[in-house]
>>> print(open('input-v7.cif').read())   # mmCIF, C-alpha atoms
data_query
loop_
_atom_site.label_atom_id
_atom_site.label_comp_id
_atom_site.auth_asym_id
_atom_site.auth_seq_id
_atom_site.Cartn_x
_atom_site.Cartn_y
_atom_site.Cartn_z
CA MET A 1 31.92 11.27 -20.07
CA SER A 2 34.11 8.61 -21.48
CA GLN A 3 33.51 7.41 -24.98
CA ASN A 4 31.26 4.38 -24.95
CA LYS A 5 32.46 1.17 -26.41
CA LYS A 6 30.75 -0.51 -29.29
CA ASP A 7 28.55 -2.85 -27.29
CA GLU A 8 27.75 -0.51 -24.44
CA ILE A 9 25.13 2.18 -24.36
CA LEU A 10 25.66 5.14 -22.09
CA HIS A 11 22.80 6.42 -20.00
CA ASP A 12 23.04 9.65 -18.16
CA HIS A 13 19.61 10.25 -16.68
CA ASN A 14 21.01 12.51 -13.99
CA ARG A 15 22.64 14.71 -16.57
CA ASP A 16 25.75 14.94 -14.45
CA GLY A 17 27.92 13.51 -17.19
CA ILE A 18 30.71 13.01 -14.73
CA ASP A 19 33.44 10.47 -14.90
CA ARG A 20 33.77 11.04 -11.17
CA ARG A 21 36.44 8.55 -10.26
CA GLY A 22 37.49 7.47 -13.67
CA PHE A 23 34.68 4.98 -13.76
CA LEU A 24 32.74 3.80 -16.70
CA LYS A 25 29.03 4.32 -16.74
CA CYS A 26 27.51 1.76 -18.95
CA MET A 27 24.47 -0.12 -19.88
CA ALA A 28 25.36 -3.45 -21.31
CA TRP A 29 22.45 -4.87 -23.26
CA ALA A 30 21.43 -8.25 -21.96
CA GLY A 31 22.68 -10.07 -25.00
CA THR A 32 26.24 -9.00 -24.36
CA GLY A 33 26.65 -9.65 -20.63
CA ALA A 34 29.31 -7.94 -18.64
CA LEU A 35 32.02 -8.57 -16.10
CA CYS A 36 32.20 -5.88 -13.47
CA VAL A 37 35.03 -5.39 -11.02
CA MET A 38 34.49 -2.88 -8.29
CA GLN A 39 37.36 -1.48 -6.27
CA GLY A 40 36.68 0.98 -3.50
CA GLY A 41 33.41 2.05 -5.06
CA VAL A 42 34.75 2.14 -8.58
CA LEU A 43 33.21 -0.21 -11.05
CA LYS A 44 34.91 -1.46 -14.19
CA SER A 45 32.86 -3.26 -16.73
CA TYR A 46 34.07 -5.63 -19.41
CA SER A 47 32.02 -7.15 -22.18
CA MET A 48 31.52 -10.91 -22.02
CA SER A 49 32.65 -11.02 -25.61
CA ARG A 50 36.15 -10.38 -24.28
CA ALA A 51 36.04 -13.24 -21.77
CA ASN A 52 39.25 -14.64 -23.21
CA GLU A 53 41.07 -11.57 -21.91
CA TRP A 54 39.89 -12.02 -18.31
CA ASN A 55 42.40 -12.59 -15.60
CA ALA A 56 40.91 -15.49 -13.65
CA ALA A 57 43.12 -14.80 -10.63
CA LYS A 58 41.72 -11.30 -10.37
CA MET A 59 38.19 -12.63 -10.42
CA ALA A 60 38.72 -15.13 -7.65
CA GLY A 61 37.54 -13.95 -4.27
CA GLU A 62 36.75 -15.09 -0.79
CA LEU A 63 33.07 -14.83 -1.35
CA SER A 64 31.08 -15.40 -4.48
CA PHE A 65 27.36 -15.54 -4.98
CA ALA A 66 25.01 -15.62 -7.92
CA GLN A 67 22.00 -13.45 -8.56
CA ILE A 68 18.96 -14.69 -10.43
CA SER A 69 15.88 -12.62 -11.04
CA ASP A 70 12.44 -12.40 -12.56
CA SER A 71 11.77 -16.08 -13.11
CA HIS A 72 8.05 -15.24 -13.61
CA MET A 73 7.01 -18.85 -13.14
CA GLY A 74 3.58 -19.28 -14.72
CA PHE A 75 4.23 -16.95 -17.66
CA ASN A 76 3.46 -18.85 -20.85
CA LYS A 77 3.10 -16.28 -23.61
CA ALA A 78 4.96 -16.05 -26.89
CA ALA A 79 7.96 -14.24 -25.41
CA ASN A 80 8.86 -17.48 -23.60
CA PRO A 81 6.43 -20.40 -23.44
CA ASP A 82 8.71 -22.39 -21.11
CA VAL A 83 10.02 -20.28 -18.26
CA ALA A 84 10.69 -23.40 -16.18
CA ALA A 85 13.23 -24.58 -18.76
CA THR A 86 15.07 -21.27 -18.82
CA LEU A 87 15.17 -21.11 -15.02
CA GLN A 88 16.55 -24.65 -15.07
CA ALA A 89 19.16 -23.50 -17.60
CA ALA A 90 20.13 -20.67 -15.23
CA VAL A 91 20.57 -23.12 -12.38
CA ASP A 92 22.60 -25.44 -14.63
CA LYS A 93 24.82 -22.50 -15.54
CA ILE A 94 25.32 -21.64 -11.88
CA ASN A 95 26.21 -25.26 -11.16
CA ALA A 96 28.80 -25.18 -13.93
CA LEU A 97 30.68 -22.14 -12.59
CA SER A 98 34.33 -22.90 -11.92
CA VAL A 99 33.99 -21.57 -8.39
CA PRO A 100 30.65 -22.61 -6.94
CA PRO A 101 28.80 -19.64 -5.45
CA GLU A 102 28.15 -19.84 -1.72
CA PHE A 103 24.56 -18.76 -2.06
CA LEU A 104 21.97 -17.38 -4.44
CA LEU A 105 20.05 -14.13 -4.39
CA HIS A 106 16.69 -14.03 -6.13
CA THR A 107 15.68 -10.43 -6.69
CA GLY A 108 11.96 -11.01 -7.10
CA ASP A 109 9.14 -11.81 -9.46
CA ILE A 110 9.68 -15.40 -8.51
CA SER A 111 6.15 -16.09 -9.74
CA HIS A 112 3.99 -14.52 -12.41
CA LEU A 113 0.64 -14.49 -10.58
CA ALA A 114 1.60 -15.36 -6.98
CA ARG A 115 -0.02 -18.79 -7.33
CA PRO A 116 1.19 -21.46 -4.88
CA GLU A 117 2.09 -23.89 -7.66
CA GLU A 118 4.27 -21.25 -9.30
CA PHE A 119 6.30 -20.78 -6.13
CA ASP A 120 6.44 -24.58 -5.74
CA THR A 121 7.96 -24.99 -9.21
CA VAL A 122 10.63 -22.37 -8.57
CA ASP A 123 11.49 -23.93 -5.23
CA GLN A 124 11.87 -27.34 -6.88
CA ILE A 125 14.19 -26.03 -9.60
CA VAL A 126 16.27 -23.87 -7.28
CA LYS A 127 16.70 -26.84 -4.95
CA GLY A 128 18.88 -28.34 -7.69
CA ALA A 129 21.46 -25.57 -7.32
CA VAL A 130 24.79 -26.43 -5.74
CA ALA A 131 24.35 -23.42 -3.48
CA LYS A 132 21.79 -24.43 -0.91
CA ASP A 133 21.11 -21.02 0.61
CA VAL A 134 18.79 -18.80 -1.40
CA PHE A 135 17.89 -15.30 -0.26
CA PHE A 136 14.77 -13.75 -1.73
CA VAL A 137 13.10 -10.39 -1.97
CA PRO A 138 9.60 -10.11 -3.46
CA GLY A 139 8.68 -8.59 -6.79
CA GLU A 140 5.31 -6.97 -7.43
CA HIS A 141 4.07 -10.19 -9.03
CA ASP A 142 4.78 -12.14 -5.85
CA VAL A 143 2.52 -9.97 -3.71
CA ILE A 144 -0.52 -9.79 -6.00
CA GLY A 145 -3.79 -9.99 -4.12
CA ASP A 146 -2.49 -10.28 -0.55
CA GLU A 147 0.21 -7.61 -0.22
CA GLY A 148 2.79 -10.32 0.25
CA LYS A 149 1.32 -12.51 2.98
CA GLN A 150 1.88 -15.75 1.07
CA TYR A 151 5.36 -14.64 0.07
CA ARG A 152 6.28 -13.94 3.70
CA ASP A 153 4.81 -17.26 4.84
CA ARG A 154 7.13 -19.00 2.38
CA TYR A 155 10.27 -16.90 2.32
CA GLY A 156 9.98 -14.38 5.11
CA LYS A 157 11.01 -16.31 8.19
CA GLY A 158 13.06 -14.09 10.45
CA THR A 159 12.41 -10.97 8.39
CA GLN A 160 10.99 -7.65 9.54
CA GLY A 161 7.90 -5.75 8.47
CA GLU A 162 6.94 -6.57 4.89
CA GLY A 163 9.88 -8.96 4.59
CA TRP A 164 13.07 -6.90 4.80
CA TYR A 165 16.20 -8.24 6.51
CA SER A 166 19.97 -8.13 6.64
CA PHE A 167 22.73 -10.68 7.16
CA GLU A 168 26.51 -10.95 7.14
CA LYS A 169 28.65 -13.14 4.93
CA LYS A 170 32.40 -13.01 5.35
CA GLY A 171 32.47 -9.40 6.39
CA VAL A 172 30.03 -8.23 3.73
CA HIS A 173 26.75 -6.80 5.00
CA PHE A 174 23.76 -7.80 2.84
CA ILE A 175 20.45 -5.95 3.02
CA GLY A 176 17.27 -7.27 1.37
CA LEU A 177 14.66 -4.55 0.89
CA VAL A 178 11.00 -4.70 -0.13
CA ASN A 179 9.79 -1.96 -2.48
CA VAL A 180 6.74 -3.61 -4.04
CA VAL A 181 4.00 -3.35 -1.41
CA ASN A 182 1.61 -0.51 -0.60
CA LEU A 183 2.28 1.09 -3.96
CA LYS A 184 0.44 4.37 -4.47
CA ALA A 185 -1.56 5.35 -7.55
CA GLY A 186 0.71 7.18 -9.97
CA GLY A 187 3.80 6.32 -7.97
CA LEU A 188 6.89 4.16 -8.34
CA GLY A 189 8.38 1.49 -6.10
CA ASN A 190 8.02 2.30 -2.43
CA LEU A 191 10.07 1.46 0.66
CA GLY A 192 7.98 3.29 3.24
CA GLY A 193 8.81 5.02 6.51
CA GLU A 194 8.97 1.94 8.69
CA GLN A 195 11.50 0.21 6.45
CA LEU A 196 13.60 3.36 6.09
CA GLU A 197 13.79 3.69 9.86
CA TRP A 198 14.84 0.08 10.14
CA LEU A 199 17.51 0.55 7.49
CA GLU A 200 18.95 3.61 9.19
CA ALA A 201 19.24 1.70 12.47
CA ASP A 202 20.56 -1.43 10.75
CA VAL A 203 23.59 0.28 9.21
CA LYS A 204 24.31 2.71 12.04
CA ARG A 205 26.38 0.19 14.00
CA LEU A 206 28.54 -0.82 11.01
CA LYS A 207 32.06 0.40 10.32
CA THR A 208 32.28 2.59 7.26
CA SER A 209 34.77 0.13 5.78
CA THR A 210 32.14 -2.63 5.71
CA PRO A 211 31.20 -3.50 2.14
CA ILE A 212 27.44 -3.22 1.69
CA VAL A 213 25.29 -5.12 -0.79
CA VAL A 214 21.68 -3.96 -1.04
CA PHE A 215 19.24 -6.02 -3.05
CA ALA A 216 15.63 -5.24 -3.90
CA HIS A 217 13.32 -5.93 -6.82
CA ILE A 218 12.56 -2.54 -8.38
CA PRO A 219 15.66 -0.47 -9.16
CA LEU A 220 16.70 1.89 -6.39
CA TRP A 221 17.84 4.40 -8.95
CA SER A 222 15.77 6.23 -11.48
CA VAL A 223 16.14 4.06 -14.58
CA TYR A 224 12.99 5.19 -16.37
CA PRO A 225 10.22 6.57 -14.17
CA GLU A 226 7.85 6.83 -17.14
CA TRP A 227 7.66 3.03 -17.02
CA GLY A 228 7.72 2.84 -13.25
CA TRP A 229 11.39 1.85 -13.24
CA GLY A 230 12.46 3.55 -10.06
CA THR A 231 11.64 3.84 -6.35
CA ASP A 232 10.02 6.96 -4.91
CA ASP A 233 11.93 7.07 -1.63
CA SER A 234 15.19 5.40 -2.66
CA ALA A 235 17.18 8.63 -2.20
CA GLN A 236 16.35 8.53 1.50
CA ALA A 237 17.57 4.94 1.73
CA LEU A 238 20.78 5.73 -0.11
CA SER A 239 21.46 8.72 2.15
CA TYR A 240 21.98 6.26 5.02
CA LEU A 241 24.65 4.47 2.98
CA LYS A 242 26.70 7.53 2.04
CA LYS A 243 29.27 7.00 4.77
CA PHE A 244 30.28 3.59 3.43
CA GLY A 245 33.18 3.18 1.08
CA SER A 246 31.65 0.41 -0.98
CA VAL A 247 27.96 0.01 -1.69
CA SER A 248 26.56 -2.27 -4.39
CA VAL A 249 22.88 -2.23 -5.23
CA LEU A 250 21.47 -5.25 -7.06
CA ASN A 251 18.01 -5.07 -8.60
CA GLY A 252 15.81 -6.90 -11.07
CA HIS A 253 12.43 -5.85 -12.50
CA ILE A 254 13.55 -4.40 -15.83
CA HIS A 255 14.69 -7.69 -17.38
CA GLN A 256 17.92 -6.31 -18.77
CA ILE A 257 21.39 -5.51 -17.55
CA MET A 258 22.21 -1.95 -16.63
CA GLN A 259 24.94 -0.48 -14.52
CA LYS A 260 25.55 2.93 -13.12
CA VAL A 261 27.95 4.39 -10.60
CA GLU A 262 27.10 7.32 -8.34
CA GLY A 263 29.89 8.25 -5.95
CA ASN A 264 30.44 5.24 -3.70
CA VAL A 265 27.39 3.36 -4.99
CA THR A 266 27.35 0.90 -7.88
CA PHE A 267 23.92 0.06 -9.24
CA HIS A 268 23.36 -3.09 -11.17
CA THR A 269 20.23 -4.67 -12.62
CA ALA A 270 20.11 -8.32 -13.62
CA ALA A 271 18.64 -10.03 -16.64
CA SER A 272 15.49 -12.10 -16.23
CA THR A 273 15.56 -15.87 -16.46
CA ALA A 274 12.13 -15.68 -18.19
CA PHE A 275 11.78 -13.02 -20.89
CA PRO A 276 13.46 -9.80 -21.98
CA GLN A 277 11.89 -6.33 -21.80
CA PRO A 278 12.65 -3.46 -24.14
CA GLN A 279 15.19 -0.76 -23.51
CA PRO A 280 13.71 2.30 -21.79
CA GLY A 281 11.44 4.21 -24.13
CA LYS A 282 12.24 1.95 -27.09
CA ALA A 283 8.73 0.46 -27.22
CA ASP A 284 5.14 1.51 -26.49
CA SER A 285 5.27 -0.20 -23.12
CA PRO A 286 7.58 -2.30 -20.95
CA GLY A 287 5.73 -5.49 -21.89
CA PRO A 288 7.56 -8.73 -22.75
CA MET A 289 9.79 -8.42 -25.79
CA LYS A 290 9.42 -11.14 -28.36
CA VAL A 291 12.70 -12.24 -29.88
CA PRO A 292 13.35 -15.15 -32.24
CA ALA A 293 13.32 -18.42 -30.27
CA GLU A 294 16.92 -19.20 -31.14
CA GLN A 295 18.02 -15.86 -29.68
CA LEU A 296 15.93 -15.95 -26.51
CA ARG A 297 18.54 -17.44 -24.22
CA SER A 298 21.07 -14.80 -25.19
CA PHE A 299 18.70 -12.26 -23.60
CA LEU A 300 18.33 -14.15 -20.34
CA GLY A 301 20.88 -14.73 -17.69
CA ILE A 302 22.38 -14.90 -14.26
CA THR A 303 24.75 -12.66 -12.37
CA GLU A 304 27.70 -13.96 -10.42
CA VAL A 305 29.28 -11.75 -7.80
CA ASN A 306 32.71 -12.23 -6.25
CA PHE A 307 33.87 -10.39 -3.20
CA VAL A 308 37.60 -9.96 -2.82
CA ARG A 309 38.70 -9.23 0.72
CA GLY A 310 41.30 -6.54 1.16
CA GLN A 311 40.43 -4.74 -2.02
CA HIS A 312 36.80 -4.30 -0.96
CA ALA A 313 35.95 -5.20 -4.48
CA LEU A 314 32.95 -6.88 -5.94
CA ALA A 315 33.34 -8.46 -9.33
CA ILE A 316 29.98 -8.77 -10.99
CA VAL A 317 29.78 -11.15 -13.93
CA ASP A 318 26.69 -11.48 -16.06
CA SER A 319 26.22 -14.64 -18.04
CA GLN A 320 23.66 -15.26 -20.69
CA LEU A 321 21.85 -18.59 -20.79
CA GLY A 322 22.43 -19.47 -24.44
CA MET B 1 -38.69 8.61 -34.54
CA ARG B 2 -41.54 7.33 -32.46
CA ARG B 3 -39.32 4.70 -30.86
CA LYS B 4 -36.66 7.25 -30.02
CA PHE B 5 -39.23 9.46 -28.33
CA THR B 6 -40.43 6.51 -26.30
CA ARG B 7 -36.88 5.78 -25.14
CA ILE B 8 -36.23 9.35 -24.16
CA GLY B 9 -39.57 9.37 -22.37
CA LEU B 10 -38.69 6.22 -20.50
CA ALA B 11 -35.25 7.52 -19.59
CA ALA B 12 -36.78 10.77 -18.33
CA ALA B 13 -39.27 8.80 -16.28
CA VAL B 14 -36.52 6.69 -14.78
CA VAL B 15 -34.45 9.75 -13.95
CA ALA B 16 -37.49 11.37 -12.36
CA TRP B 17 -38.24 8.21 -10.41
CA LEU B 18 -34.62 7.93 -9.27
CA ALA B 19 -34.67 11.57 -8.17
CA MET B 20 -37.90 10.95 -6.30
CA THR B 21 -36.66 7.81 -4.55
CA ALA B 22 -33.41 9.58 -3.69
CA ALA B 23 -35.41 12.49 -2.29
CA VAL B 24 -37.40 10.23 0.03
CA GLY B 25 -34.26 8.43 1.12
CA HIS B 26 -34.58 5.18 -0.77
CA VAL B 27 -31.40 3.82 -2.20
CA GLY B 28 -32.17 3.12 -5.86
CA GLY B 29 -34.12 -0.13 -6.07
CA ALA B 30 -32.98 -3.06 -8.16
CA ALA B 31 -35.81 -2.45 -10.61
CA ALA B 32 -34.63 1.09 -11.29
CA GLN B 33 -31.07 -0.04 -11.84
CA GLU B 34 -32.19 -2.72 -14.22
CA LYS B 35 -34.18 -0.30 -16.31
CA ALA B 36 -31.27 2.13 -16.56
CA ALA B 37 -28.66 -0.60 -17.00
CA THR B 38 -25.97 0.18 -19.52
CA SER B 39 -22.50 -1.12 -20.02
CA ALA B 40 -19.17 0.36 -20.95
CA ALA B 41 -15.73 -1.04 -21.60
CA VAL B 42 -12.18 -0.13 -20.69
CA LYS B 43 -9.36 -1.86 -22.52
CA ILE B 44 -5.97 -2.40 -20.95
CA ASP B 45 -3.35 -2.16 -23.66
CA ASN B 46 0.37 -1.40 -23.46
CA PHE B 47 0.27 -0.70 -19.74
CA SER B 48 -2.51 1.88 -20.00
CA PHE B 49 -6.25 2.12 -19.46
CA GLY B 50 -8.29 3.24 -22.48
CA PRO B 51 -10.11 5.47 -22.22
CA THR B 52 -8.15 6.89 -19.32
CA ALA B 53 -11.21 8.84 -18.20
CA LEU B 54 -14.60 7.27 -18.84
CA THR B 55 -17.87 9.10 -18.24
CA VAL B 56 -20.98 6.94 -17.75
CA PRO B 57 -24.51 7.35 -16.39
CA VAL B 58 -25.44 5.95 -12.99
CA GLY B 59 -26.25 2.26 -13.24
CA THR B 60 -23.53 1.47 -15.75
CA THR B 61 -21.53 -1.71 -15.48
CA VAL B 62 -17.96 -1.06 -16.57
CA THR B 63 -15.92 -4.02 -17.76
CA TRP B 64 -12.13 -3.91 -17.96
CA THR B 65 -10.34 -6.35 -20.26
CA ASN B 66 -6.62 -6.97 -20.01
CA ARG B 67 -5.13 -7.31 -23.49
CA ASP B 68 -1.49 -7.23 -22.35
CA ASP B 69 0.83 -10.21 -21.97
CA ILE B 70 1.38 -9.13 -18.37
CA PRO B 71 -1.15 -9.25 -15.53
CA HIS B 72 -2.75 -6.07 -14.27
CA THR B 73 -5.23 -5.14 -11.59
CA VAL B 74 -8.01 -2.56 -11.38
CA VAL B 75 -8.01 -1.05 -7.91
CA SER B 76 -10.05 1.91 -6.73
CA THR B 77 -7.83 4.53 -5.08
CA ASP B 78 -10.58 5.05 -2.48
CA GLY B 79 -11.19 1.36 -1.81
CA VAL B 80 -14.53 1.17 -3.68
CA PHE B 81 -13.57 -1.76 -5.92
CA LYS B 82 -10.63 -4.09 -6.37
CA SER B 83 -10.07 -6.76 -8.98
CA LYS B 84 -8.01 -9.87 -8.65
CA ALA B 85 -4.97 -10.17 -10.92
CA LEU B 86 -6.20 -10.10 -14.50
CA ASP B 87 -4.14 -12.29 -16.75
CA THR B 88 -4.29 -11.90 -20.53
CA ASP B 89 -7.93 -11.54 -21.70
CA ASP B 90 -9.31 -11.72 -18.16
CA LYS B 91 -12.13 -9.32 -17.36
CA PHE B 92 -13.33 -7.43 -14.32
CA SER B 93 -16.72 -5.71 -14.03
CA PHE B 94 -18.13 -3.24 -11.54
CA LEU B 95 -21.60 -1.70 -11.38
CA PHE B 96 -21.50 2.02 -10.64
CA SER B 97 -24.74 2.77 -8.80
CA LYS B 98 -23.81 6.13 -7.30
CA PRO B 99 -22.66 9.31 -9.03
CA GLY B 100 -19.13 10.48 -8.40
CA THR B 101 -15.56 10.34 -9.65
CA TYR B 102 -13.81 7.03 -9.11
CA PRO B 103 -10.05 7.18 -9.59
CA TYR B 104 -8.34 3.82 -9.93
CA PHE B 105 -4.95 2.30 -10.75
CA CYS B 106 -3.11 -0.95 -11.34
CA SER B 107 -1.66 -1.98 -7.99
CA ILE B 108 1.10 -3.92 -9.77
CA HIS B 109 2.07 -1.05 -12.08
CA PRO B 110 0.92 2.04 -10.20
CA LYS B 111 1.97 4.35 -13.01
CA MET B 112 -1.17 3.05 -14.73
CA THR B 113 -4.06 5.23 -13.60
CA GLY B 114 -7.57 6.01 -14.81
CA GLN B 115 -10.93 7.25 -13.62
CA VAL B 116 -14.61 6.58 -14.07
CA ILE B 117 -16.89 9.59 -13.83
CA VAL B 118 -20.43 8.54 -12.97
CA GLN B 119 -23.16 11.14 -13.63
#
>>> encode(input="input-v7.cif", output="structure tokens")
Amino acid sequence: MSQNKKDEILHDHNRDGIDRRGFLKCMAWAGTGALCVMQGGVLKSYSMSRANEWNAAKMAGELSFAQISDSHMGFNKAANPDVAATLQAAVDKINALSVPPEFLLHTGDISHLARPEEFDTVDQIVKGAVAKDVFFVPGEHDVIGDEGKQYRDRYGKGTQGEGWYSFEKKGVHFIGLVNVVNLKAGGLGNLGGEQLEWLEADVKRLKTSTPIVVFAHIPLWSVYPEWGWGTDDSAQALSYLKKFGSVSVLNGHIHQIMQKVEGNVTFHTAASTAFPQPQPGKADSPGPMKVPAEQLRSFLGITEVNFVRGQHALAIVDSQLG
Amino acid sequence: MRRKFTRIGLAAAVVAWLAMTAAVGHVGGAAAQEKAATSAAVKIDNFSFGPTALTVPVGTTVTWTNRDDIPHTVVSTDGVFKSKALDTDDKFSFLFSKPGTYPYFCSIHPKMTGQVIVQ
């Protein structure tokens, strides 16, 4: 394993300790943010604190999009009494990017309690983004009480099953998965047989050179199962993606930035726009982490992703809100 | 002492009556449940149910209180009871009128599990 840099914490839950393709395995704490450049399945990560060293030309691509996550509209506790303001700040930040993203991904927990007015507020704020297309997947908070019916009525047009779907953008194949419904007692996130079958069929027809971006709420890798930070049947899903040269998995749920590379797959979790959660095992529970008000926005953020044709590279840039 | 004896006597009588009604096929009448009514509490703290396993007599109303900053639910694994989302300090109560073991979990955070044992 390569020596970790000052502001990066290495996690090696799989105990493989392998620097398989000379990549860097890192977990950048939300306050630092990170720029990630992926080339042929290899992810490089740079701290935002070194932004002055970035090569802007390298970051430019033919496709860029921004990821926001865990807006938890309706949350009003001490960890962030104004989640609408911080979501607005995230949208403002997206609108200020030098290259406007073509679309947004929201990786779930749009709402806090799946109340209609919470979804309404998010829709209103997101409408102000320069990118007009927004692609959603549900978080467990969005499906409370009705296993996602309201979510699908609002955001699920043209989707399959519980709300999964795929689409193409400039040669990149995007797959939105749902791993927050029909959860079993004692279990983790769950994709289910029907969705797995659909996924297998969905990617079968694709060339192995097609870059794949999978997005879902709960991490599709085992971040910290003790806190439910993983998906029971994600290995099955990932087995269908083995043949592809470049697979990026974008998740939310854990309210902090983590990255990990496994073979051809780069995993990335986004910060929340609402409130931070503690590092795995560093608190009694994964409940909201209270930080001094003046520091809050440095724990929240957005993720911008650039796709560079030809190199099959995804550059993932995390920005903090403050 | 006298009062205690009276209570035990009453409880014994109720148990006997319940046994009798059960034996003749009556499902415990409202009057019997009222007499035996007790309550018990489960606190939800730090993404866990406390106590994780709760043993109560038949006729007990169990009340769950969410003391986390995050919503939780109380959902019977076997479909016997199901709360709505409990926000901070919200409560959910269920009257256990039949003996048995009732496993339950939080459908939002399924790692959170507990059980009520009704005797």
>>> interface_residues(input="input-v7.cif", of="chain A", to="chain B", cutoff="7 Å", atoms="all atoms listed in the file", output="list of chain:residue names")
A:Lys77, A:Glu140, A:His141, A:Ile144, A:Gly145, A:Leu183, A:Lys184, A:Ala185, A:Gly186, A:Gly187, A:Leu188, A:Gly228, A:Asp284, A:Ser285, A:Gly287, A:Pro288
>>> resolve_selection(input="input-v7.cif", expression="the PyMOL selection byres ((chain B and resi 58) around 8)", output="list in words")
Ala36, Val56, Pro57, Gly59, Thr60, Phe96, Ser97, Lys98, Pro99, Val118 and Gln119 of chain B
>>> residues_around(input="input-v7.cif", residues="Gly301 of chain A", least_positions_apart="3", cutoff="8 Å", atoms="all atoms listed in the file", output="NGL selection string")
:A and (30 or 68 or 90 or 270-273 or 297-298 or 318-321)
>>> residues_near_point(input="input-v7.cif", point="(-9.4, -2.1, -18.8)", cutoff="6 Å", atoms="all atoms listed in the file", output="list in words")
Val42, Lys43, Ile44, Phe49, Trp64, Thr65 and Asn66 of chain B
>>> write_last_selection(input="input-v7.cif", atoms="C-alpha atoms", output="mmCIF file, in the frame of the given file")
data_model
loop_
_atom_site.group_PDB
_atom_site.id
_atom_site.type_symbol
_atom_site.label_atom_id
_atom_site.label_comp_id
_atom_site.auth_asym_id
_atom_site.auth_seq_id
_atom_site.Cartn_x
_atom_site.Cartn_y
_atom_site.Cartn_z
ATOM 1 C CA VAL B 42 -12.180 -0.130 -20.690
ATOM 2 C CA LYS B 43 -9.360 -1.860 -22.520
ATOM 3 C CA ILE B 44 -5.970 -2.400 -20.950
ATOM 4 C CA PHE B 49 -6.250 2.120 -19.460
ATOM 5 C CA TRP B 64 -12.130 -3.910 -17.960
ATOM 6 C CA THR B 65 -10.340 -6.350 -20.260
ATOM 7 C CA ASN B 66 -6.620 -6.970 -20.010
#
>>> closest_residue(input="input-v7.cif", among="A:Ala131, A:Ala85, A:Ile212, A:Val126", to="Phe267 of chain A", atoms="all atoms listed in the file")
A:Ile212
>>> closest_residue(input="input-v7.cif", among="A:His217, A:Ser222, A:Ala237, A:Thr159", to="Leu196 of chain A", atoms="all atoms listed in the file")
A:Ala237
>>> residues_around(input="input-v7.cif", residues="segment 98-109 of chain A", least_positions_apart="2", cutoff="8 Å", atoms="all atoms listed in the file", output="tab-separated table (two decimals) with C-alpha atoms, keeping the file's coordinate frame")
chain	number	residue	atom	x	y	z
A	63	LEU	CA	33.07	-14.83	-1.35
A	64	SER	CA	31.08	-15.40	-4.48
A	65	PHE	CA	27.36	-15.54	-4.98
A	66	ALA	CA	25.01	-15.62	-7.92
A	67	GLN	CA	22.00	-13.45	-8.56
A	68	ILE	CA	18.96	-14.69	-10.43
A	69	SER	CA	15.88	-12.62	-11.04
A	70	ASP	CA	12.44	-12.40	-12.56
A	71	SER	CA	11.77	-16.08	-13.11
A	72	HIS	CA	8.05	-15.24	-13.61
A	94	ILE	CA	25.32	-21.64	-11.88
A	95	ASN	CA	26.21	-25.26	-11.16
A	96	ALA	CA	28.80	-25.18	-13.93
A	111	SER	CA	6.15	-16.09	-9.74
A	112	HIS	CA	3.99	-14.52	-12.41
A	130	VAL	CA	24.79	-26.43	-5.74
A	131	ALA	CA	24.35	-23.42	-3.48
A	132	LYS	CA	21.79	-24.43	-0.91
A	133	ASP	CA	21.11	-21.02	0.61
A	134	VAL	CA	18.79	-18.80	-1.40
A	135	PHE	CA	17.89	-15.30	-0.26
A	136	PHE	CA	14.77	-13.75	-1.73
A	137	VAL	CA	13.10	-10.39	-1.97
A	138	PRO	CA	9.60	-10.11	-3.46
A	139	GLY	CA	8.68	-8.59	-6.79
A	140	GLU	CA	5.31	-6.97	-7.43
A	141	HIS	CA	4.07	-10.19	-9.03
A	142	ASP	CA	4.78	-12.14	-5.85
A	215	PHE	CA	19.24	-6.02	-3.05
A	216	ALA	CA	15.63	-5.24	-3.90
A	217	HIS	CA	13.32	-5.93	-6.82
A	250	LEU	CA	21.47	-5.25	-7.06
A	251	ASN	CA	18.01	-5.07	-8.60
A	252	GLY	CA	15.81	-6.90	-11.07
A	253	HIS	CA	12.43	-5.85	-12.50
A	304	GLU	CA	27.70	-13.96	-10.42
>>> atom_distance(input="input-v7.cif", atom1="atom CA of Gly193 of chain A", atom2="atom CA of Gln236 of chain A")
9.7 Å
>>> atom_distance(input="input-v7.cif", atom1="atom CA of Thr38 of chain B", atom2="atom CA of Val74 of chain B")
19.9 Å
>>> resolve_selection(input="input-v7.cif", expression="the PyMOL selection byres ((chain A and resi 234) around 12)", output="VMD selection string")
chain A and resid 177 to 179 188 to 193 195 to 196 199 214 216 218 to 222 229 to 233 235 to 241 249
>>> resolve_selection(input="input-v7.cif", expression="the PyMOL selection byres ((chain A and resi 209) around 9)", output="PyMOL selection string")
chain A and resi 206-208+210-211+243-246+312
>>> atom_distance(input="input-v7.cif", atom1="atom CA of Glu162 of chain A", atom2="atom CA of Thr269 of chain A")
22.1 Å
>>> closest_residue(input="input-v7.cif", among="B:Ala41, B:Thr55, B:Val62, B:Gln115", to="Phe94 of chain B", atoms="only C-alpha atoms")
B:Val62
>>> axis_aligned_box(input="input-v7.cif", around="segment 48-59 of chain B", padding_each_side="6 Å", output="AutoDock Vina command-line options")
--center_x -14.4 --center_y 5.5 --center_z -17.7 --size_x 35.7 --size_y 19.2 --size_z 21.5
>>> decode(input="input-v7.cif", residues="segment 85-90 of chain B", atoms="C-alpha atoms", output="compact mmCIF listing (two decimals), in the first residue's frame")
# COMPACT_ATOMS: atom_id res chain seq x y z
CA ALA B 85 -41.72 7.29 10.52
CA LEU B 86 -40.90 8.45 14.03
CA ASP B 87 -39.12 11.77 14.04
CA THR B 88 -37.24 12.96 17.12
CA ASP B 89 -39.32 12.36 20.30
CA ASP B 90 -42.18 10.75 18.36
